[in-house]
Structure formats: C-alpha cells, structure tokens
Amino acid sequence: MRFDAAVLRSYEDPFAVEEVILDAGPADGEILVRVAGCGMCRTDLAVRRSAGRSPLPAVLGHEGSGVVVETGGPDTGLSPGDHVVLSFDSCGRCRSCLGAAPAYCDTFAALNLFGGRAENAARFTDAAGGVLAPRWFCQSSFAAYAMVPARNAVRVDPSLPLELLGPLGCGFLTGAGAVLNSFGAGPGDTVVVFGAGAVGLAAVMAATAAGAVAVAVDRHPERLTLAEKLNAIPVHAASGDLPGRVQRLTGGGAQYAIDTTGSTRIINDALRSLRPRGHLGLVARLHTDLPLEPGTLDRGRRISHICEGDAVPALMIPRLTGLWQAGRFPFDQLIRTYPLSDINEAEADCEAGRVVKPVLIP
C-alpha cells in the first residue's frame, strides 16, 4: 500500500512529505486507519534533540485520529468504518498494565520511543524500498494511513469532529488526566498550572470542569489571556515573589500544582506555592539534575512524575469527549489545523509559541 507521509530523515533537516509503503495488511490484533488528523506534540519535536537515541529516518506522529479501514483477525473489537482516537502503546501483560496503569508499562519506552513491537516491525519503507524506523508510538500518524495495534485505538462517537480528536490521545489526556486521575481534584481544591501550553491548558480545563479553582502561570501574555478565557486566574511568571503571589491568590497555598516546563527554578517555585501536604506533579521530562532548595519539601509537601495523565485511554478519552459535548472541556479552542504539506510551518509555529496545538490534516 502506497500513501503520503511526512518523513524526518535527519535531526537537522525539515520534514519531507513523500510516498511511503506498507507491504502487508493488518496482522492479528492490528487495524489500518485512514488518518483524519494528527496533533503535533512536543515529544515529536524532541526527536531532534534526542542525541541519536531515536532512530531515523522515521515517520513521527502519535496523536492520530481516523476511520478504521481494515482489521486483522477476529479479536480487535473494532470494525471498518469505526471512528477511533489513537493513543500510546503498552504490552497489556506486565504488572502495571494488569493494574490499570498502562503508561507505566515495563516496555513503554521500547514500544513507543525506541523500537516498537518486534512482530511486524519492518514492513514500513520509503518508495525506493529504504527501511524506515519502526512505527513511532506504534502509529506514525503524520501520514494518510496508520497501522496500529487495536490496543492503541479507542472508538469514539462518529458525530464528533474526528479530525480534531487526536490530541486527546496524548497531550490533552496528559494534562487533564493529571488533574482528574493523579490528583482527583474537585470542588474546594486549587490547582496551579505552571506553563500554559497544550498540556497546561488541558489541566486548566479539567480543573474547572471538576469544580476546582485553576491558576495559570506563564510568561507569554497571549497564553495567559487564553487561560483566563478558560476560567483560570492568570499570573505572569515574571511576577516578583511568585510563590508568595500564588499563596495569596489561593488563600495559603494550592493543594495541587502541575509543572509542564521542566525548569528547576519554576519547580522550586511551584513547591513553595503549595499548602501543607500539597502535591506537585511533573509532566515534563527533566534534562538536568533537579536541586531542591531547603524547605521546599517541608510540611508534608510531595513531588512525583506523572506519565500520560495516569490514564487508561479507553476510559479517559470518552470522559473527555463527554465533557466537550457538555461544553466543559473546549479543547477545540486550542487547535489550529494545517495541511500535512505544511508540517514545517506547523513545527515553526509550535516552537515559536504562535500556536498551542497544531493538528495536521492529510
């Protein structure tokens, strides 16, 4: 099967939209999906800074949504014509997967970032027969079609705007899941979000949907304006005594905080913004040591890393679409669409902060 995809051939070069080949139909447990849209996530762009650990050339993209075209075997639970959102892969067999924590799968990194599933991994080539890296997050959905394990796919209501739903499989799932799953925030709680990008604003929306008070901290005025439109209290990150200001706004400190920046200075400020026994969740990957200042973990405060919003996608994605249908999770306000052919423009706009969540339309 031949179709167009955006191929990244080196860490420095732009994406190139070119013809690629899948040399077989779905194997047992797989589905072939015609991609309606795919979100561009910071994890895709971080491949350029992966110091060679992510194999190239590759078709990236891991926030796909689309229509099932073909299924492999009788046990996928899906049928041609089903509308699906594609999420991260997991083995389904390890202790974490069996404990409803697939984001902590023993083989998460191998399956999603570095090698994919060993079975059927080598069927993806360019038009000249050159081998492409195994499917990114077992989907590689910067493309017209994606072959994915059915385990990655969540059926959704066909009345929903399918081309916009892909980010619910990763970025929006991560921010919302941190609030709803990891924290279990509700009425009377305060959630402070450091970094009002796609993940942070998803956390803001989830907090307000849950009845909590949301505070958004960012250095970009336009992001703070958007956060305020989503019912958050905006705070500029350059404000003097940032922890003190947050504590005053929240009546003695927040119960929960989320850091999406990976900045050690912001993480220390976030910890100081918490009330006693408050919880800071880190959703960004750290690239340096994390020195904690004296007193930041006093009085029962704690810090943890949160992966994929502690979510089970098959449960979380329908929850988020239901909130959207009720007008309580307006994620579509964060999205700008681009044709797949404009992928390099989308990347530039994302890196420059001109767009919150680009979605590529094949």
# chains A, B, ... in the order shown; residues from 1 in each chain; ligands from 1
$ residues_around --residues "Trp136 in chain A" --least-positions-apart "2" --cutoff "6 Å" --atoms "only C-alpha atoms" --output "compact mmCIF listing (two decimals) with C-alpha atoms, in the first residue's frame"
# COMPACT_ATOMS: atom_id res chain seq x y z
CA LEU A 60 6.59 10.55 13.51
CA ASN A 112 6.72 3.84 21.88
CA CYS A 138 3.17 2.14 17.04
CA GLN A 139 1.24 4.56 14.82
CA SER A 140 3.47 7.02 12.83
$ residues_around --residues "Pro358 in chain A" --least-positions-apart "4" --cutoff "9 Å" --atoms "only C-alpha atoms" --output "ChimeraX atom specification"
/A:38-41,334-338,346-347,349-350
$ residues_around --residues "Arg275 in chain A" --least-positions-apart "6" --cutoff "12 Å" --atoms "only C-alpha atoms" --output "PyMOL selection string"
chain A and resi 189-192+243-244+246-257+296-302
$ closest_residue --among "A:Asp259, A:Glu163, A:Glu345, A:Glu12" --to "Ala196 in chain A" --atoms "only C-alpha atoms"
A:Asp259
$ closest_residue --among "A:Asp28, A:Asp23, A:Glu63, A:Asp106" --to "Leu360 in chain A" --atoms "only C-alpha atoms"
A:Glu63
$ select_by_dssp --residues "range 23-265 of chain A" --states "helix (DSSP H, G or I)" --output "PyMOL selection string"
chain A and resi 42-49+95-98+102-104+108-114+136-138+150-152+162-164+166-169+171-183+198-209+221-229+242-249+264-265
$ atom_distance --atom1 "CA of Leu56 in chain A" --atom2 "CA of Ile21 in chain A"
16.1 Å
$ select_by_dssp --residues "range 47-290 of chain A" --states "strand (DSSP E)" --output "number ranges by chain"
A: 58-59, 64-71, 83-86, 124-126, 145-149, 153-155, 190-194, 213-218, 233-236, 254-259, 274-282
$ residues_around --residues "Val199 in chain A" --least-positions-apart "4" --cutoff "7 Å" --atoms "only C-alpha atoms" --output "list of chain:residue names"
A:Gly171, A:Phe172, A:Thr174, A:Gly175, A:Ala203
$ closest_residue --among "A:Ala232, A:Ala27, A:Ala348, A:Val85" --to "Val215 in chain A" --atoms "only C-alpha atoms"
A:Ala232
$ residues_around --residues "Ala127 in chain A" --least-positions-apart "3" --cutoff "12 Å" --atoms "only C-alpha atoms" --output "list in words"
Met1, Arg2, Phe3, Asp4, Ala5, Val7, Val17, Glu18, Glu19, Val20, Ile21, Leu22, Asp23, Phe124, Gly130, Val131 and Leu132 of chain A
$ closest_residue --among "A:His83, A:Arg219, A:Arg42, A:Arg151" --to "Glu30 in chain A" --atoms "only C-alpha atoms"
A:Arg151
$ atom_distance --atom1 "CA of Gly29 in chain A" --atom2 "CA of Val148 in chain A"
8.7 Å
$ residues_around --residues "Arg93 in chain A" --least-positions-apart "6" --cutoff "10 Å" --atoms "only C-alpha atoms" --output "VMD selection string"
chain A and resid 99 102 105 to 106
